[in-house]
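Only one structure is covered here, and it is reproduced in the block below.
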Amino acid sequence: MIPTSGRILIADDDPVQRRLVEEAVKRFGYRARSVENGAEAVALLSSPEGADIDLLILDLVMPELDGMGVITRLREMKKAVPIIVQTAHAGIDAAVNAIRAGAQDFVVKPVSPERLEVAIRTFMKMSALEGEIARIHKQTSGTFTFDDIVTRSEAMERVIRVGRRAATSHIPVLIEGESGVGKELIARAIQGTSERRSKPFVTVNCGAIPEHLVESILFGHEKGAFTGAVDKHVGKFQEAHGGTLFLDEVGELSLDIQVKLLRALQEGEIDPIGARRPVKVDFRLISATNRRLVDLVKDGAFREDLYYRLNVFPLWLPPLRDRREDIPDLVRHFLARFAAEEGRSHISAVAPDAVAMLQAYGWPGNIRQLENAVFRAVVLCEGDHLVAADFPQVQASVGGGEGQPGTAPAQTRPPASKPAGGEVAGEAPASEVSANEISGSETPTSEMPGSGPDRGAGPQAGSPSGAEDARSRDLAGQGFADAGQGAPFGYLRCLDDHGHIRALDEVEADMIRSAIDHYGGRMTEVARRLSIGRSTLYRKLKDYGLDATQDAEAAE
C-alpha cells in the first residue's frame with residue numbers, strides 16, 4: 001500500500017533491531033531512513049531533510065544522546081514530529097516518563113509487526129490531518145506560505161524560488177497557467193510571505209461577474225448612484241486596502257473596466273460610481289489568467305498598456321502532467337482531508353497500482369480534477385484503502401487508451417493499420433491529419449469508389465448499408481485495409497458517399513465533433529486546440545447544428 005504519509009526515521013543503536021524495523025516499515029509501504037544514535041537523529045531532523053520526516057521510531061537507550069534527550073531537544077526546537085518510543089527494558093515508569101516528555105506511543109522490543117503497523121498508521125493519519133487543519137487555518141488567516149505548498153518537483157521549486165523573490169516587494173505579479181494548476185494558492189503564498197501577511201486577501205473571479213455589475217463590484221458605488229442603489233457599496237479595491245487584491249481570469253475584463261483598472265494601478269486611487277472625488281487605496285495586485293494575454297493584446301481584446309502594467313513580474317505554473325512526481329503527495333493530502341470530512345477515517349492508504357495509474361493519466365483538469373477524483377474515490381471506497389477501481393473514469397481513460405493529454409503514445413493510440421499492400425502504415429499524431437488523408441492523392445483512380453468495373457453493384461449509396469459500404473471503400477481506397485472495423489484514430493473522412501470531395505463546412509463540422517469527443521466536452525480546451533475563441537466555437541456549433549450536450553457543459 002501507499003500510505004497517506006511518507007517517510008519514517010528510525011533511531012536505534014542495535015544494528016539488528018534497526019534493520020528489522022526498517023524492513024517492516026518498508027513492507028508497510030513507507031519510506032525509511034535509519035540513524036545509529038540520538039545525536040544523528042536530532043541533526044537530521046534539524047536539517048532541511050528533516051521537513052520530509054513524518055514519524056520517528058526512537059530507542060530509549062542509546063549512546064551519546066538517549067531517547068529522552070532526543071525528545072527534550074526536539075521539543076525545544078519546536079519540532080512536532082510524532083514519536084513512537086521502543087525499548088527492551090519494559091516498565092511503567094519508563095513509559096509514563098516518555099509519554100509525559102512528548103512521545104505519542106510506547107512499545108516493548110521485540111515488537112510484533114501487527115502492533116507496530118497499527119501504531120504507525122494511527123499517528124501517520126493524525127499527523128496528516130493536523131497538517132491539513134494547519135494549512136486551512138493559514139489560508140484563512142493570511143499566513144499561508146510557500147513552505148505549505150505540497151510539491152517535490154523541480155519545476156514547482158523554480159516557481160517557488162521566483163515567488164519568494166516577488167514576495168519581498170510590492171511589484172504587480174501575473175500568474176499564468178492552465179485552469180486548475182493552483183494559481184490562487186501561489187497568490188496566497190506570495191501574500192503570506194510578504195509584509196502584508198495577515199492583512200486582507202480579496203479574491204475576485206473576473207469571469208464570473210455579470211458585465212453590468214463589474215464596475216460596481218470592483219470599485220463600489222454611492223447610495224443613489226443608479227436605479228436600485230439603495231445603499232452605499234464598498235468595492236473590492238477598498239476591501240483589499242492594506243492587503244492583496246487577487247484578480248482571477250483578468251483576461252475576461254471588458255475594455256472599459258480595463259481603463260479604470262489601469263488608473264487604479266498607476267494612481268493608487270479609484271472612482272466609485274456616483275462618488276464626488278477619487279478614493280485612495282493601498283493594495284498589492286496579483287492577477288491570474290489561463291489565457292495568453294499577449295494573444296489577446298494582438299487581437300485587440302486586451303489593452304497593451306494594461307498588459308505591461310500587469311506583466312511586470314510574470315510567473316508560469318506547469319500543468320500537473322509535467323510534474324507527475326507530485327501526484328502521490330497530492331493524493332495523500334486530499335485523502336487525509338476527505339477521509340476526515342466524510343467520516344471515513346478507516347481509509348488510510350492507496351494501492352500501488354492505483355498510484356501508478358494516476359501518474360500515467362494526463363489530468364487535463366490538473367490539480368482540481370485530481371482533487372475531485374480523490375473525493376469521489378473516498379466516497380466510493382468499500383475497503384480500508386483506495387484501489388484502481390475507485391477511480392473508474394481515470395481507469396477507463398488510461399486502460400482504454402482514450403488519448404488523454406500527457407499519456408504515453410502507446411497507450412493513447414491504437415496500433416497502426418495494415419494497408420492493402422501488406423506494409424504497416426505510419427501513424428500521424430492524433431491532433432494532425434496527414435496530407436494523404438485530406439487529399440486522397442495517393443488513391444489510384446481505379447480504386448476510387450464508383451470508378452471500377454463493379455460500379456453500380458451492391459447496395460445503393462443513399463441507403464444506410466450503402467453509406468457504410470461507401471465509407472468502407474473510402475477507407476480501403478486510402479490505404480486502410482481493415483476498413484470494416486472503423487477508421488484509425490485521428491482519421492478524417494474526405495470523400496462523400498458518391499466518391500467526391502466533401503464540402504469544407506462538413507469537414508469542419510466533423511473536426512469540431514471529433515475535438516469535442518477527444519477532449520471530453522471541455523469547450524475551453526477544444527477552442528484552444530482548434531485555435532479559435534470560445535464564442536466562435538459556440539457560433540459554429542449553432543451553425544452546424546451540433547449539440548453541446550449537458551455532459552460537455554458539465555465538463556467545463
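By convention here, the chains of the C-alpha cells are called A, B, ... in the order presented, each chain's residues are numbered starting at 1, and ligands are numbered starting at 1 in the order presented.
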Quick one: residues within 8 Å of segment 30-39 of chain A, only C-alpha atoms, excluding same-chain residues fewer than 6 positions away - as a VMD selection string? chain A and resid 2 to 3 5 to 15 18 22 62 to 67 69 to 70
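With only C-alpha atoms taken into account, the protein and nucleic acid residues at most 6 Å from Ile83 of chain A (excluding it and anything under 6 positions from it in its own chain) are Leu56, Ile57, Ala103 and Gln104 of chain A.
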Write down as a PyMOL selection string the residues belonging to segment 36-172 of chain A that are assigned helix (DSSP H, G or I) by DSSP computed on the backbone. chain A and resi 38-45+48-52+67-76+92-101+113-141+146-148+154-167
Got time to write the residues from that selection, C-alpha atoms, as a short mmCIF file (atom, residue, chain, number, x, y, z; two decimals), in the first residue's frame?
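And here is the file that came out, out-v8.cif:
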```cif
data_model
loop_
_atom_site.label_atom_id
_atom_site.label_comp_id
_atom_site.auth_asym_id
_atom_site.auth_seq_id
_atom_site.Cartn_x
_atom_site.Cartn_y
_atom_site.Cartn_z
CA GLY A 38 20.13 10.18 19.13
CA ALA A 39 22.62 12.86 18.10
CA GLU A 40 22.34 11.85 14.44
CA ALA A 41 18.54 11.85 14.72
CA VAL A 42 18.48 15.41 16.11
CA ALA A 43 20.96 16.60 13.46
CA LEU A 44 18.88 15.11 10.63
CA LEU A 45 15.58 16.47 11.94
CA PRO A 48 16.30 20.73 5.57
CA GLU A 49 15.88 16.97 5.05
CA GLY A 50 14.01 16.81 8.35
CA ALA A 51 10.99 18.52 6.81
CA ASP A 52 10.33 15.26 4.92
CA GLY A 67 15.82 8.74 23.72
CA MET A 68 14.65 11.06 26.49
CA GLY A 69 17.35 13.55 25.49
CA VAL A 70 16.19 13.42 21.87
CA ILE A 71 12.58 14.10 22.88
CA THR A 72 13.65 17.06 25.02
CA ARG A 73 15.80 18.54 22.25
CA LEU A 74 13.04 18.18 19.67
CA ARG A 75 10.51 19.93 21.91
CA GLU A 76 12.98 22.77 22.47
CA ILE A 92 5.51 1.53 33.71
CA ASP A 93 7.76 4.38 34.89
CA ALA A 94 9.72 4.45 31.63
CA ALA A 95 6.53 4.52 29.55
CA VAL A 96 4.91 7.25 31.66
CA ASN A 97 8.06 9.40 31.55
CA ALA A 98 8.34 9.05 27.76
CA ILE A 99 4.70 9.97 27.20
CA ARG A 100 4.97 12.95 29.55
CA ALA A 101 8.09 14.13 27.75
CA PRO A 113 4.74 -6.27 13.16
CA GLU A 114 0.99 -6.00 13.68
CA ARG A 115 1.36 -3.79 16.76
CA LEU A 116 3.94 -1.60 15.01
CA GLU A 117 1.82 -1.20 11.89
CA VAL A 118 -1.26 -0.16 13.87
CA ALA A 119 0.76 2.44 15.77
CA ILE A 120 2.40 3.82 12.62
CA ARG A 121 -0.84 4.11 10.66
CA THR A 122 -2.66 5.75 13.56
CA PHE A 123 -0.11 8.50 14.06
CA MET A 124 0.52 9.00 10.36
CA LYS A 125 -3.19 9.60 9.88
CA MET A 126 -3.29 12.04 12.80
CA SER A 127 -0.21 13.85 11.52
CA ALA A 128 -1.67 14.24 8.02
CA LEU A 129 -4.97 15.55 9.39
CA GLU A 130 -3.24 18.00 11.74
CA GLY A 131 -1.17 19.26 8.82
CA GLU A 132 -4.29 19.77 6.73
CA ILE A 133 -6.03 21.67 9.53
CA ALA A 134 -2.97 23.88 9.98
CA ARG A 135 -2.83 24.54 6.24
CA ILE A 136 -6.50 25.55 6.09
CA HIS A 137 -6.03 27.83 9.10
CA LYS A 138 -3.08 29.52 7.43
CA GLN A 139 -5.09 30.10 4.26
CA THR A 140 -7.94 31.74 6.15
CA SER A 141 -5.64 33.83 8.35
CA PHE A 146 5.44 28.61 0.15
CA ASP A 147 6.53 26.07 2.78
CA ASP A 148 2.91 24.88 2.99
CA GLU A 154 11.87 20.71 -9.68
CA ALA A 155 9.50 22.67 -11.94
CA MET A 156 7.48 23.89 -8.95
CA GLU A 157 10.61 24.52 -6.88
CA ARG A 158 11.69 27.02 -9.53
CA VAL A 159 8.29 28.72 -9.30
CA ILE A 160 8.59 28.87 -5.51
CA ARG A 161 12.08 30.36 -5.67
CA VAL A 162 10.90 33.11 -8.00
CA GLY A 163 7.72 33.61 -5.95
CA ARG A 164 9.74 34.18 -2.77
CA ARG A 165 11.62 36.99 -4.50
CA ALA A 166 8.36 38.53 -5.69
CA ALA A 167 7.01 38.47 -2.12
#
```
Closest-contact table, segment 484-532 of chain A side, partner segment 363-387 of chain A, 12 Å, counting only C-alpha atoms, as a tab-separated table:
```
residue	atom	partner	partner_atom	distance
A:His518	CA	A:Pro364	CA	11.6
A:Tyr519	CA	A:Pro364	CA	8.5
A:Gly520	CA	A:Pro364	CA	9.7
A:Gly521	CA	A:Pro364	CA	11.6
A:Arg522	CA	A:Pro364	CA	9.2
A:Thr524	CA	A:Gly365	CA	10.9
A:Glu525	CA	A:Pro364	CA	8.6
A:Val526	CA	A:Pro364	CA	11.5
```
Selection above as a file: N, CA and C atoms, as a compact mmCIF listing (two decimals), in the first residue's frame:
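The resulting file, again.txt, is reproduced below:
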```
# COMPACT_ATOMS: atom_id res chain seq x y z
N HIS A 518 -12.86 14.05 -28.32
CA HIS A 518 -11.49 13.73 -27.89
C HIS A 518 -11.14 14.39 -26.57
N TYR A 519 -11.61 15.61 -26.35
CA TYR A 519 -11.28 16.35 -25.13
C TYR A 519 -12.42 16.31 -24.10
N GLY A 520 -13.31 15.34 -24.24
CA GLY A 520 -14.31 15.10 -23.23
C GLY A 520 -15.29 16.23 -23.01
N GLY A 521 -15.54 17.05 -24.03
CA GLY A 521 -16.52 18.12 -23.91
C GLY A 521 -16.01 19.35 -23.20
N ARG A 522 -14.69 19.44 -22.95
CA ARG A 522 -14.14 20.63 -22.30
C ARG A 522 -13.96 21.71 -23.37
N THR A 524 -13.30 24.88 -23.41
CA THR A 524 -12.14 25.77 -23.38
C THR A 524 -10.95 25.09 -24.06
N GLU A 525 -10.73 23.82 -23.73
CA GLU A 525 -9.64 23.06 -24.35
C GLU A 525 -9.88 22.85 -25.84
N VAL A 526 -11.13 22.55 -26.21
CA VAL A 526 -11.47 22.36 -27.62
C VAL A 526 -11.16 23.62 -28.42
```
Residue neighbourhood Leu245 of chain A, 12 Å, only C-alpha atoms, exclusion window fewer than 2 positions, as number ranges by chain: A: 170, 172-173, 184, 187-188, 190-191, 196, 199-206, 218, 235-243, 247-248, 250, 261, 264-265, 281-288
Determine the nearest neighbour of Val355 of chain A from the options A:Phe219, A:Phe302, A:Phe338, A:Phe391, counting only C-alpha atoms. A:Phe391
